[in-house]
Each structure stands twice: as C-alpha cells, then as structure tokens.
$ cat run02.pdb   # PDB, C-alpha atoms
ATOM      1  CA  MET P  19     -40.484 -29.342 -20.179
ATOM      2  CA  ALA P  20     -36.730 -28.647 -20.114
ATOM      3  CA  HIS P  21     -34.729 -29.513 -23.228
ATOM      4  CA  ASN P  22     -30.946 -29.730 -23.663
ATOM      5  CA  VAL P  23     -30.015 -27.169 -21.078
ATOM      6  CA  LEU P  24     -27.453 -26.760 -18.305
ATOM      7  CA  ASN P  25     -28.309 -24.698 -15.234
ATOM      8  CA  ARG P  26     -25.855 -23.547 -12.580
ATOM      9  CA  TYR P  27     -27.047 -22.539  -9.134
ATOM     10  CA  LEU P  28     -25.634 -21.482  -5.777
ATOM     11  CA  PHE P  29     -26.789 -21.955  -2.186
ATOM     12  CA  GLU P  30     -25.963 -18.468  -0.997
ATOM     13  CA  ASP P  31     -26.003 -19.158   2.765
ATOM     14  CA  LEU P  32     -24.316 -22.571   2.654
ATOM     15  CA  SER P  33     -21.288 -22.041   0.356
ATOM     16  CA  VAL P  34     -22.307 -24.935  -1.891
ATOM     17  CA  ARG P  35     -22.783 -24.740  -5.645
ATOM     18  CA  GLY P  36     -24.920 -26.930  -7.881
ATOM     19  CA  GLU P  37     -25.589 -27.877 -11.477
ATOM     20  CA  LEU P  38     -28.578 -29.368 -13.260
ATOM     21  CA  VAL P  39     -28.462 -30.757 -16.809
ATOM     22  CA  GLN P  40     -31.428 -32.104 -18.791
ATOM     23  CA  LEU P  41     -30.895 -33.672 -22.205
ATOM     24  CA  ASP P  42     -33.095 -35.228 -24.845
ATOM     25  CA  ASP P  43     -32.192 -34.309 -28.465
ATOM     26  CA  ALA P  44     -28.453 -34.102 -27.735
ATOM     27  CA  PHE P  45     -28.544 -37.578 -26.167
ATOM     28  CA  GLN P  46     -30.754 -38.999 -28.903
ATOM     29  CA  GLN P  47     -28.436 -37.757 -31.668
ATOM     30  CA  ILE P  48     -25.411 -39.364 -30.032
ATOM     31  CA  ILE P  49     -27.046 -42.796 -29.734
ATOM     32  CA  SER P  50     -28.678 -42.647 -33.201
ATOM     33  CA  SER P  51     -25.454 -43.348 -35.122
ATOM     34  CA  LYS P  52     -25.420 -47.049 -34.100
ATOM     35  CA  GLU P  53     -27.798 -49.748 -32.853
ATOM     36  CA  TYR P  54     -26.517 -49.684 -29.283
ATOM     37  CA  PRO P  55     -27.709 -52.282 -26.749
ATOM     38  CA  ALA P  56     -29.897 -50.676 -24.071
ATOM     39  CA  PRO P  57     -27.328 -50.825 -21.213
ATOM     40  CA  LEU P  58     -24.707 -49.218 -23.459
ATOM     41  CA  LYS P  59     -27.138 -46.458 -24.448
ATOM     42  CA  ASN P  60     -27.639 -45.769 -20.764
ATOM     43  CA  LEU P  61     -23.886 -45.770 -20.116
ATOM     44  CA  LEU P  62     -23.366 -43.236 -22.921
ATOM     45  CA  GLY P  63     -26.144 -41.144 -21.395
ATOM     46  CA  GLU P  64     -24.425 -41.254 -18.006
ATOM     47  CA  LEU P  65     -21.112 -40.263 -19.599
ATOM     48  CA  LEU P  66     -22.836 -37.434 -21.461
ATOM     49  CA  VAL P  67     -24.430 -36.070 -18.303
ATOM     50  CA  SER P  68     -21.147 -36.395 -16.398
ATOM     51  CA  THR P  69     -19.107 -34.669 -19.100
ATOM     52  CA  THR P  70     -21.599 -31.813 -19.329
ATOM     53  CA  LEU P  71     -21.537 -31.330 -15.554
ATOM     54  CA  LEU P  72     -17.732 -31.342 -15.560
ATOM     55  CA  THR P  73     -17.382 -28.906 -18.462
ATOM     56  CA  ALA P  74     -19.558 -26.511 -16.468
ATOM     57  CA  THR P  75     -16.710 -26.306 -13.955
ATOM     58  CA  LEU P  76     -14.224 -25.059 -16.576
ATOM     59  CA  LYS P  77     -12.953 -21.546 -15.945
ATOM     60  CA  PHE P  78     -11.380 -21.294 -19.411
ATOM     61  CA  GLU P  79     -12.028 -22.047 -23.081
ATOM     62  CA  GLY P  80     -11.367 -25.711 -23.747
ATOM     63  CA  SER P  81     -12.816 -29.196 -23.646
ATOM     64  CA  ILE P  82     -13.199 -32.255 -21.446
ATOM     65  CA  THR P  83     -13.135 -35.813 -22.762
ATOM     66  CA  MET P  84     -14.346 -38.678 -20.588
ATOM     67  CA  GLN P  85     -13.274 -42.051 -21.926
ATOM     68  CA  LEU P  86     -14.034 -45.488 -20.502
ATOM     69  CA  GLN P  87     -11.702 -48.258 -21.665
ATOM     70  CA  GLY P  88     -11.757 -51.926 -20.711
ATOM     71  CA  ASP P  89     -11.286 -55.552 -21.688
ATOM     72  CA  GLY P  90     -14.987 -56.444 -21.470
ATOM     73  CA  PRO P  91     -17.585 -56.492 -24.271
ATOM     74  CA  VAL P  92     -17.314 -52.684 -24.408
ATOM     75  CA  SER P  93     -13.774 -51.681 -25.335
ATOM     76  CA  LEU P  94     -14.485 -47.940 -25.539
ATOM     77  CA  ALA P  95     -17.132 -45.424 -24.531
ATOM     78  CA  VAL P  96     -16.260 -41.759 -24.935
ATOM     79  CA  ILE P  97     -17.949 -38.361 -24.691
ATOM     80  CA  ASN P  98     -16.333 -35.038 -25.553
ATOM     81  CA  GLY P  99     -17.731 -31.650 -24.537
ATOM     82  CA  ASP P 100     -16.435 -28.089 -24.508
ATOM     83  CA  ASN P 101     -17.078 -24.862 -22.626
ATOM     84  CA  ASP P 102     -19.771 -23.956 -25.205
ATOM     85  CA  GLN P 103     -21.541 -27.228 -24.314
ATOM     86  CA  LYS P 104     -21.101 -28.745 -27.753
ATOM     87  CA  VAL P 105     -21.040 -32.501 -27.230
ATOM     88  CA  ARG P 106     -20.409 -35.694 -29.180
ATOM     89  CA  GLY P 107     -19.713 -39.322 -28.321
ATOM     90  CA  ILE P 108     -19.407 -42.936 -29.390
ATOM     91  CA  ALA P 109     -18.939 -46.462 -28.034
ATOM     92  CA  ARG P 110     -17.450 -49.667 -29.452
ATOM     93  CA  TRP P 111     -18.451 -53.155 -28.387
ATOM     94  CA  GLU P 112     -18.357 -56.798 -29.475
ATOM     95  CA  GLY P 113     -20.640 -59.691 -28.639
ATOM     96  CA  LYS P 114     -23.794 -59.759 -26.579
ATOM     97  CA  ILE P 115     -24.494 -57.374 -23.738
ATOM     98  CA  GLU P 116     -27.128 -58.618 -21.300
ATOM     99  CA  SER P 117     -30.082 -56.341 -20.633
ATOM    100  CA  ASN P 118     -29.146 -56.020 -16.953
ATOM    101  CA  ALA P 119     -25.412 -55.458 -17.571
ATOM    102  CA  THR P 120     -23.646 -53.100 -15.149
ATOM    103  CA  ILE P 121     -20.731 -50.816 -15.947
ATOM    104  CA  HIS P 122     -18.404 -53.531 -14.635
ATOM    105  CA  ASP P 123     -20.078 -56.224 -16.777
ATOM    106  CA  MET P 124     -19.619 -54.061 -19.861
ATOM    107  CA  MET P 125     -16.119 -52.708 -19.238
ATOM    108  CA  GLY P 126     -14.492 -55.670 -17.455
ATOM    109  CA  LYS P 127     -11.112 -54.644 -16.111
ATOM    110  CA  GLY P 128     -11.073 -51.025 -17.099
ATOM    111  CA  TYR P 129     -10.521 -47.427 -16.150
ATOM    112  CA  LEU P 130     -11.821 -43.936 -16.813
ATOM    113  CA  VAL P 131      -9.589 -41.361 -18.480
ATOM    114  CA  ILE P 132     -10.488 -37.700 -17.969
ATOM    115  CA  THR P 133      -8.683 -35.336 -20.339
ATOM    116  CA  ILE P 134      -8.897 -31.563 -19.923
ATOM    117  CA  GLU P 135      -7.609 -29.565 -22.900
ATOM    118  CA  PRO P 136      -7.495 -25.770 -22.583
ATOM    119  CA  LYS P 137      -7.205 -23.812 -25.838
ATOM    120  CA  LYS P 138      -4.376 -22.005 -24.097
ATOM    121  CA  GLY P 139      -2.244 -23.820 -21.577
ATOM    122  CA  GLU P 140      -1.225 -27.342 -20.712
ATOM    123  CA  ARG P 141      -3.274 -30.469 -21.274
ATOM    124  CA  TYR P 142      -4.201 -32.438 -18.151
ATOM    125  CA  GLN P 143      -5.073 -36.125 -17.993
ATOM    126  CA  GLY P 144      -6.251 -38.158 -15.031
ATOM    127  CA  ILE P 145      -6.759 -41.929 -14.893
ATOM    128  CA  VAL P 146      -9.484 -43.113 -12.538
ATOM    129  CA  ALA P 147     -10.050 -46.678 -11.326
ATOM    130  CA  LEU P 148     -13.583 -48.034 -11.756
ATOM    131  CA  GLU P 149     -14.201 -48.176  -8.020
ATOM    132  CA  GLY P 150     -17.898 -47.833  -7.318
ATOM    133  CA  ASN P 151     -21.191 -49.385  -8.311
ATOM    134  CA  ASN P 152     -21.872 -46.845 -11.045
ATOM    135  CA  LEU P 153     -20.353 -43.897 -12.878
ATOM    136  CA  ALA P 154     -21.601 -41.369 -10.323
ATOM    137  CA  GLU P 155     -19.801 -43.160  -7.480
ATOM    138  CA  ILE P 156     -16.642 -43.492  -9.579
ATOM    139  CA  LEU P 157     -16.623 -39.742 -10.232
ATOM    140  CA  GLU P 158     -17.326 -38.907  -6.598
ATOM    141  CA  GLY P 159     -14.188 -40.863  -5.738
ATOM    142  CA  TYR P 160     -12.265 -38.906  -8.374
ATOM    143  CA  PHE P 161     -13.335 -35.581  -6.880
ATOM    144  CA  ALA P 162     -12.505 -36.751  -3.357
ATOM    145  CA  ASN P 163      -9.011 -37.878  -4.357
ATOM    146  CA  SER P 164      -7.967 -35.254  -6.906
ATOM    147  CA  GLU P 165      -9.975 -32.135  -6.123
ATOM    148  CA  GLN P 166     -10.397 -32.639  -2.358
ATOM    149  CA  LEU P 167     -13.850 -31.113  -2.714
ATOM    150  CA  LYS P 168     -16.895 -32.855  -1.312
ATOM    151  CA  THR P 169     -19.029 -33.658  -4.375
ATOM    152  CA  ARG P 170     -22.185 -35.678  -5.042
ATOM    153  CA  LEU P 171     -23.723 -36.581  -8.383
ATOM    154  CA  TRP P 172     -27.142 -37.881  -9.341
ATOM    155  CA  ILE P 173     -27.260 -39.291 -12.901
ATOM    156  CA  ARG P 174     -30.413 -40.722 -14.463
ATOM    157  CA  THR P 175     -31.215 -42.170 -17.867
ATOM    158  CA  GLY P 176     -34.526 -43.491 -19.109
ATOM    159  CA  GLU P 177     -37.438 -42.567 -21.342
ATOM    160  CA  HIS P 178     -40.089 -39.895 -21.336
ATOM    161  CA  GLU P 179     -42.984 -40.129 -23.785
ATOM    162  CA  GLY P 180     -41.161 -42.987 -25.525
ATOM    163  CA  LYS P 181     -37.930 -41.070 -26.169
ATOM    164  CA  PRO P 182     -34.527 -41.497 -24.477
ATOM    165  CA  GLN P 183     -33.671 -38.942 -21.813
ATOM    166  CA  ALA P 184     -30.602 -38.272 -19.703
ATOM    167  CA  ALA P 185     -30.328 -35.860 -16.805
ATOM    168  CA  GLY P 186     -28.289 -35.224 -13.721
ATOM    169  CA  MET P 187     -27.411 -32.995 -10.798
ATOM    170  CA  LEU P 188     -24.201 -32.128  -9.008
ATOM    171  CA  ILE P 189     -23.605 -30.363  -5.727
ATOM    172  CA  GLN P 190     -20.136 -29.407  -4.548
ATOM    173  CA  VAL P 191     -18.651 -27.570  -1.590
ATOM    174  CA  MET P 192     -17.193 -24.245  -2.664
ATOM    175  CA  PRO P 193     -13.388 -24.051  -2.368
ATOM    176  CA  ASP P 194     -13.636 -21.000  -0.068
ATOM    177  CA  GLY P 195     -13.532 -23.231   3.003
ATOM    178  CA  LYS P 196     -16.837 -21.890   4.368
ATOM    179  CA  GLY P 197     -19.028 -24.844   3.420
ATOM    180  CA  GLY P 198     -19.862 -26.927   6.481
ATOM    181  CA  GLU P 199     -20.165 -30.735   6.387
ATOM    182  CA  GLU P 200     -23.576 -30.669   8.072
ATOM    183  CA  ASP P 201     -24.871 -28.194   5.494
ATOM    184  CA  PHE P 202     -23.661 -30.400   2.664
ATOM    185  CA  GLU P 203     -25.208 -33.537   4.181
ATOM    186  CA  HIS P 204     -28.505 -31.671   4.549
ATOM    187  CA  LEU P 205     -28.457 -30.762   0.833
ATOM    188  CA  GLU P 206     -27.506 -34.354  -0.068
ATOM    189  CA  GLN P 207     -30.565 -35.659   1.746
ATOM    190  CA  LEU P 208     -32.812 -33.194  -0.039
ATOM    191  CA  THR P 209     -31.364 -33.989  -3.468
ATOM    192  CA  ASP P 210     -31.638 -37.737  -2.821
ATOM    193  CA  THR P 211     -35.431 -37.324  -3.045
ATOM    194  CA  VAL P 212     -35.342 -36.257  -6.715
ATOM    195  CA  LYS P 213     -37.371 -38.528  -9.010
ATOM    196  CA  ASN P 214     -36.625 -39.408 -12.635
ATOM    197  CA  ASP P 215     -39.788 -37.732 -13.932
ATOM    198  CA  GLU P 216     -38.899 -34.537 -12.085
ATOM    199  CA  LEU P 217     -35.402 -34.518 -13.570
ATOM    200  CA  PHE P 218     -36.657 -35.223 -17.077
ATOM    201  CA  THR P 219     -39.600 -32.836 -17.201
ATOM    202  CA  LEU P 220     -39.490 -29.966 -14.708
ATOM    203  CA  GLN P 221     -38.038 -26.564 -15.481
ATOM    204  CA  ALA P 222     -35.045 -25.642 -13.324
ATOM    205  CA  ASN P 223     -36.980 -23.107 -11.214
ATOM    206  CA  ASP P 224     -39.703 -25.625 -10.418
ATOM    207  CA  LEU P 225     -37.335 -28.487  -9.685
ATOM    208  CA  LEU P 226     -35.039 -26.465  -7.432
ATOM    209  CA  TYR P 227     -38.002 -25.034  -5.532
ATOM    210  CA  ARG P 228     -39.444 -28.516  -5.035
ATOM    211  CA  LEU P 229     -36.139 -29.792  -3.641
ATOM    212  CA  TYR P 230     -34.828 -26.762  -1.759
ATOM    213  CA  ASN P 231     -37.778 -24.483  -0.972
ATOM    214  CA  GLN P 232     -36.372 -23.668   2.490
ATOM    215  CA  GLU P 233     -32.980 -22.596   1.093
ATOM    216  CA  LYS P 234     -31.796 -19.400  -0.562
ATOM    217  CA  VAL P 235     -30.857 -20.516  -4.087
ATOM    218  CA  ARG P 236     -29.450 -18.263  -6.802
ATOM    219  CA  LEU P 237     -30.129 -19.644 -10.278
ATOM    220  CA  TYR P 238     -27.900 -18.400 -13.100
ATOM    221  CA  GLN P 239     -28.734 -18.010 -16.790
ATOM    222  CA  PRO P 240     -29.145 -21.408 -18.498
ATOM    223  CA  GLN P 241     -26.702 -22.589 -21.143
ATOM    224  CA  PRO P 242     -27.926 -24.645 -24.125
ATOM    225  CA  VAL P 243     -26.335 -28.039 -24.787
ATOM    226  CA  ALA P 244     -26.153 -29.285 -28.394
ATOM    227  CA  PHE P 245     -24.760 -32.219 -30.335
ATOM    228  CA  HIS P 246     -21.916 -31.077 -32.574
ATOM    229  CA  CYS P 247     -19.804 -33.533 -34.527
ATOM    230  CA  GLY P 248     -17.273 -31.268 -36.224
ATOM    231  CA  CYS P 249     -16.672 -33.506 -39.232
ATOM    232  CA  SER P 250     -16.823 -32.046 -42.758
ATOM    233  CA  ARG P 251     -16.090 -32.890 -46.372
ATOM    234  CA  GLU P 252     -13.111 -30.529 -46.211
ATOM    235  CA  LYS P 253     -11.574 -32.354 -43.244
ATOM    236  CA  SER P 254     -12.208 -35.726 -44.890
ATOM    237  CA  GLY P 255     -10.489 -34.546 -48.074
ATOM    238  CA  ALA P 256      -7.488 -33.368 -46.075
ATOM    239  CA  ALA P 257      -7.307 -36.760 -44.344
ATOM    240  CA  ILE P 258      -7.340 -38.565 -47.702
ATOM    241  CA  VAL P 259      -4.405 -36.487 -48.939
ATOM    242  CA  THR P 260      -2.352 -37.526 -45.893
ATOM    243  CA  LEU P 261      -2.592 -41.165 -47.055
ATOM    244  CA  GLY P 262      -0.388 -40.346 -50.046
ATOM    245  CA  HIS P 263      -0.834 -40.840 -53.780
ATOM    246  CA  ALA P 264       0.189 -44.489 -53.890
ATOM    247  CA  GLU P 265      -2.231 -45.761 -51.235
ATOM    248  CA  VAL P 266      -5.139 -43.672 -52.517
ATOM    249  CA  ASP P 267      -4.522 -44.859 -56.100
ATOM    250  CA  ASN P 268      -4.626 -48.470 -54.889
ATOM    251  CA  ILE P 269      -8.017 -47.870 -53.274
ATOM    252  CA  LEU P 270      -9.324 -46.178 -56.408
ATOM    253  CA  ASP P 271      -8.118 -49.066 -58.585
ATOM    254  CA  GLU P 272      -9.824 -51.554 -56.281
ATOM    255  CA  ILE P 273     -13.220 -49.948 -55.632
ATOM    256  CA  GLY P 274     -13.345 -46.796 -57.772
ATOM    257  CA  SER P 275     -13.747 -44.293 -54.917
ATOM    258  CA  VAL P 276     -12.392 -43.365 -51.498
ATOM    259  CA  SER P 277     -14.804 -43.013 -48.595
ATOM    260  CA  LEU P 278     -14.436 -41.866 -45.011
ATOM    261  CA  HIS P 279     -17.135 -42.635 -42.453
ATOM    262  CA  CYS P 280     -17.666 -40.519 -39.334
ATOM    263  CA  ASP P 281     -18.549 -42.738 -36.384
ATOM    264  CA  TYR P 282     -19.801 -39.780 -34.347
ATOM    265  CA  CYS P 283     -22.645 -38.736 -36.652
ATOM    266  CA  GLY P 284     -22.830 -41.565 -39.194
ATOM    267  CA  THR P 285     -22.028 -39.390 -42.237
ATOM    268  CA  THR P 286     -20.007 -40.919 -45.093
ATOM    269  CA  TYR P 287     -17.915 -38.703 -47.382
ATOM    270  CA  SER P 288     -17.070 -40.261 -50.768
ATOM    271  CA  PHE P 289     -14.609 -39.025 -53.392
ATOM    272  CA  ASP P 290     -14.366 -40.395 -56.947
ATOM    273  CA  GLN P 291     -11.225 -40.397 -59.094
ATOM    274  CA  THR P 292     -11.782 -36.871 -60.430
ATOM    275  CA  GLN P 293     -12.433 -35.449 -56.961
ATOM    276  CA  VAL P 294      -9.365 -37.188 -55.525
ATOM    277  CA  ALA P 295      -7.219 -35.748 -58.323
ATOM    278  CA  GLU P 296      -8.568 -32.297 -57.484
ATOM    279  CA  LEU P 297      -7.680 -32.820 -53.804
ATOM    280  CA  PHE P 298      -4.048 -33.544 -54.630
ATOM    281  CA  ASN P 299      -3.892 -30.700 -57.155
ATOM    282  CA  GLN P 300      -5.175 -28.255 -54.553
ATOM    283  CA  THR P 301      -2.617 -29.507 -52.039
ATOM    284  CA  ASN P 302       0.222 -29.176 -54.513
ATOM    285  CA  SER P 303      -0.847 -25.657 -55.460
ATOM    286  CA  GLY P 304      -1.317 -24.663 -51.799
ATOM    287  CA  ASP P 305      -5.052 -24.084 -52.235
ATOM    288  CA  ASN P 306      -6.960 -25.862 -49.451
ATOM    289  CA  THR P 307     -10.412 -24.810 -50.665
ATOM    290  CA  LEU P 308     -12.566 -27.779 -51.600
ATOM    291  CA  HIS P 309     -15.106 -27.272 -54.358
TER     292      HIS P 309
END
$ encode --input "run02.pdb" --output "structure tokens"
Amino acid sequence: MAHNVLNRYLFEDLSVRGELVQLDDAFQQIISSKEYPAPLKNLLGELLVSTTLLTATLKFEGSITMQLQGDGPVSLAVINGDNDQKVRGIARWEGKIESNATIHDMMGKGYLVITIEPKKGERYQGIVALEGNNLAEILEGYFANSEQLKTRLWIRTGEHEGKPQAAGMLIQVMPDGKGGEEDFEHLEQLTDTVKNDELFTLQANDLLYRLYNQEKVRLYQPQPVAFHCGCSREKSGAAIVTLGHAEVDNILDEIGSVSLHCDYCGTTYSFDQTQVAELFNQTNSGDNTLH
C-alpha cells in the first residue's frame, strides 16, 4: 500500500507528463485538529491533493497556498505546501453543513486564491472563480485560462480500512508543443477508469501499469509528503512580545497567563508571569533564545 507519497511520470512517446499523489497520515493529521463535518473533511482532502499536485510543478524553492473563501457556512479552507512537500491546512465554518453538501453549498459566493511564493523572486497570486461542479473542474479551468496547457485532474477522498484517505492524479500536455490532442484524449479515457481503491492502495508501478500498460511510461523517484506545522514555543514567545508590555500585563492580571493556540496542529503554548518577564528581558537584551 502506498503512503504519503508523490510520484511524477512521463509518457515518453506522447509528450504528456503525469503526477500521482496518495495520502493517508498527512491528510489525517490535518483534519485531526478540529471536529470537521464530513463534507468539509473531504473538501480539505481535495485541496490537499490539489496543492500537492501543483507544488510538484514548481521549478524553484518556494510554496503554494490554495485558499477557498466564501460567504457560505465555510468562510475559509486553506492548504499550504512547499517544494519539499511539507503540508498543512485548516478550515473555518459556522452552522450546520449537510452531509451531501457540495463545494458551492459550503462556500456560497466564493473564489479560489492560488498564491505562489518563491524563496527568491516575486510572489504571484491568481484569483479563480468557482466555475465547475467540483474542485478538479475549477482547477482545470484555471490551467486552461492561465497556463494554456491542457490539464486534467482526478481527485478522490474516502476511507480505506476505516481511515480517511485522499489521492489524485494529474496529466498535462508538455509545453514543448509536441503533445497531440488525440494523444491527450486517449490518456484521459484511460485515466477515467481509475477506481478509488486503486488510487488508495496500489503502488505507483502497479497502478500506472494497470492504466497505461500499452504506453511507454517513465516513472521518477517518489517524493515523500508529510504534515509540517512550523509552529514553536519560540515563535509564540516572539508573537507575545509584539503585543507590547501593556496589553500582555492586562492579560496576565486577568487570567494569570498568556496562551497562543495553533489552529494548524492544535498545540497551545502557555506562558506564566515569570516566563513572560523573561521574554521581554531577552528582547530588551537582544537575546532571542528561549529557555
């Protein structure tokens, strides 16, 4: 069984590239921080798969953030991933979400923001209308309009052996201009036959052979995908200092400690009066080491 891995592959005779991502633990850690309604869990899984597939297209060190915003019950759903395939995400909602809710039911009037942030170079942001029946169709429209590259995505969420799973595939015409439309349509038809159980359980070699056994496919080295929050006690302490002495003292007087909660992983960092005093002393002395 494949776990938390991204595979890139290439159809050597057809000038089309592909990606396959299969996630269990990484997905489960993201949805474990809150009691998400089932449709929202699935939407986060779809965003996670999509973000991972998009980060695989990066030719530089950096990150991609995919953020759904709307005026429906779900005000925000966001996944962030980088070129090392470290991922995290969260969603915010209010009220009841029906068990059969679609992306449009959850988001209402909304849009998708795709932010690409290279470590070196300019930040890019694209705003995408929610035109399509699901996230895959919305992203296919984005690629058609912004990249001018024929692209198809297959995104699946569900359960295997009682645990949440998320997986997906992407095929895209190479930008060398050699990929024919008939070749791409042929590969689309083959990929359309993929079943959830195959996506969730088969190793990349087995799955690609089952789908494309008549084609010449080059499979590259897999890349692991892992949940990574990035929060720390040090960062929380630095954030507390930015509030200023007066505001922090008011909080201490009221409840006796200052706490910061990380929505991404569910960790809470608490500082009592002595620890807060040490934070400010370290800042004043220029020592940023937290003991």
$ atom_distance --input "run02.pdb" --atom1 "CA of Gly274 in chain P" --atom2 "CA of Ser250 in chain P"
21.3 Å
$ closest_atom_pairs --input "run02.pdb" --of "range 175-267 of chain P" --to "range 51-70 of chain P" --cutoff "7 Å" --atoms "all atoms listed in the file" --output "tab-separated table"
residue	atom	partner	partner_atom	distance
P:Thr175	CA	P:Asn60	CA	5.8
P:Ala184	CA	P:Gly63	CA	5.6
P:Ala185	CA	P:Val67	CA	6.1
P:Gly186	CA	P:Val67	CA	6.0
$ write_last_selection --input "run02.pdb" --atoms "C-alpha atoms" --output "compact mmCIF listing (two decimals), keeping the file's coordinate frame"
# COMPACT_ATOMS: atom_id res chain seq x y z
CA THR P 175 -31.22 -42.17 -17.87
CA ALA P 184 -30.60 -38.27 -19.70
CA ALA P 185 -30.33 -35.86 -16.80
CA GLY P 186 -28.29 -35.22 -13.72
$ residues_around --input "run02.pdb" --residues "Met84 in chain P" --least-positions-apart "5" --cutoff "10 Å" --atoms "all atoms listed in the file" --output "PyMOL selection string"
chain P and resi 65-66+68-69+72+95-99+107+130-134+143-144
$ residues_near_point --input "run02.pdb" --point "(-12.7, -28.8, -22.8)" --cutoff "6 Å" --atoms "only C-alpha atoms" --output "PyMOL selection string"
chain P and resi 80-82+100-101+134-135
$ residues_near_point --input "run02.pdb" --point "(-3.4, -39.9, -48.5)" --cutoff "12 Å" --atoms "only C-alpha atoms" --output "JSON list (two decimals) with C-alpha atoms, in the frame of the given file"
[["chain", "number", "residue", "atom", "x", "y", "z"],
["P", 254, "SER", "CA", -12.21, -35.73, -44.89],
["P", 255, "GLY", "CA", -10.49, -34.55, -48.07],
["P", 256, "ALA", "CA", -7.49, -33.37, -46.08],
["P", 257, "ALA", "CA", -7.31, -36.76, -44.34],
["P", 258, "ILE", "CA", -7.34, -38.56, -47.70],
["P", 259, "VAL", "CA", -4.40, -36.49, -48.94],
["P", 260, "THR", "CA", -2.35, -37.53, -45.89],
["P", 261, "LEU", "CA", -2.59, -41.16, -47.06],
["P", 262, "GLY", "CA", -0.39, -40.35, -50.05],
["P", 263, "HIS", "CA", -0.83, -40.84, -53.78],
["P", 264, "ALA", "CA", 0.19, -44.49, -53.89],
["P", 265, "GLU", "CA", -2.23, -45.76, -51.24],
["P", 266, "VAL", "CA", -5.14, -43.67, -52.52],
["P", 267, "ASP", "CA", -4.52, -44.86, -56.10],
["P", 268, "ASN", "CA", -4.63, -48.47, -54.89],
["P", 269, "ILE", "CA", -8.02, -47.87, -53.27],
["P", 270, "LEU", "CA", -9.32, -46.18, -56.41],
["P", 276, "VAL", "CA", -12.39, -43.36, -51.50],
["P", 277, "SER", "CA", -14.80, -43.01, -48.60],
["P", 278, "LEU", "CA", -14.44, -41.87, -45.01],
["P", 294, "VAL", "CA", -9.36, -37.19, -55.52],
["P", 295, "ALA", "CA", -7.22, -35.75, -58.32],
["P", 297, "LEU", "CA", -7.68, -32.82, -53.80],
["P", 298, "PHE", "CA", -4.05, -33.54, -54.63],
["P", 301, "THR", "CA", -2.62, -29.51, -52.04]]
$ closest_residue --input "run02.pdb" --among "P:Asn231, P:Cys249, P:Ala222, P:Glu177" --to "Cys280 in chain P" --atoms "all atoms listed in the file"
P:Cys249
$ residues_around --input "run02.pdb" --residues "Glu30 in chain P" --least-positions-apart "5" --cutoff "7 Å" --atoms "all atoms listed in the file" --output "JSON, numbers by chain"
{"P": [234, 235, 236]}
$ atom_distance --input "run02.pdb" --atom1 "CA of Ile49 in chain P" --atom2 "CA of Asn151 in chain P"
23.2 Å
$ resolve_selection --input "run02.pdb" --expression "the PyMOL selection byres ((chain P and resi 181) around 12)" --output "ChimeraX atom specification"
/P:41-47,49-50,175-180,182-184,218
$ axis_aligned_box --input "run02.pdb" --around "range 148-156 of chain P" --padding-each-side "8 Å" --output "AutoDock Vina command-line options"
--center_x -17.7 --center_y -45.4 --center_z -10.1 --size_x 24.3 --size_y 24.0 --size_z 21.6
$ residues_around --input "run02.pdb" --residues "Cys247 in chain P" --least-positions-apart "5" --cutoff "10 Å" --atoms "only C-alpha atoms" --output "PyMOL selection string"
chain P and resi 48+98+104-107+280-285
$ resolve_selection --input "run02.pdb" --expression "the PyMOL selection byres ((chain P and resi 225) around 12)" --output "ChimeraX atom specification"
/P:19-20,25,27,37-40,186-187,208-209,211-224,226-231,235,237
$ atom_distance --input "run02.pdb" --atom1 "CA of Pro240 in chain P" --atom2 "CA of Arg26 in chain P"
7.1 Å
$ closest_residue --input "run02.pdb" --among "P:Glu149, P:Asp210, P:Asp290, P:Asp102" --to "Gly128 in chain P" --atoms "all atoms listed in the file"
P:Glu149
$ resolve_selection --input "run02.pdb" --expression "the PyMOL selection byres ((chain P and resi 120-125) around 9)" --output "VMD selection string"
chain P and resid 57 to 58 61 86 to 94 111 115 to 116 118 to 119 126 to 129 148 151 to 153
$ closest_residue --input "run02.pdb" --among "P:Gln103, P:Ser117, P:Gln85, P:Gln166" --to "Ile145 in chain P" --atoms "all atoms listed in the file"
P:Gln85
$ residues_around --input "run02.pdb" --residues "Arg35 in chain P" --least-positions-apart "2" --cutoff "8 Å" --atoms "only C-alpha atoms" --output "list in words"
Arg26, Tyr27, Leu28, Phe29, Ser33, Glu37, Ile189, Gln190, Val191 and Met192 of chain P
$ closest_residue --input "run02.pdb" --among "P:Lys168, P:Tyr142, P:Ala244, P:Ile156" --to "Asp201 in chain P" --atoms "all atoms listed in the file"
P:Lys168
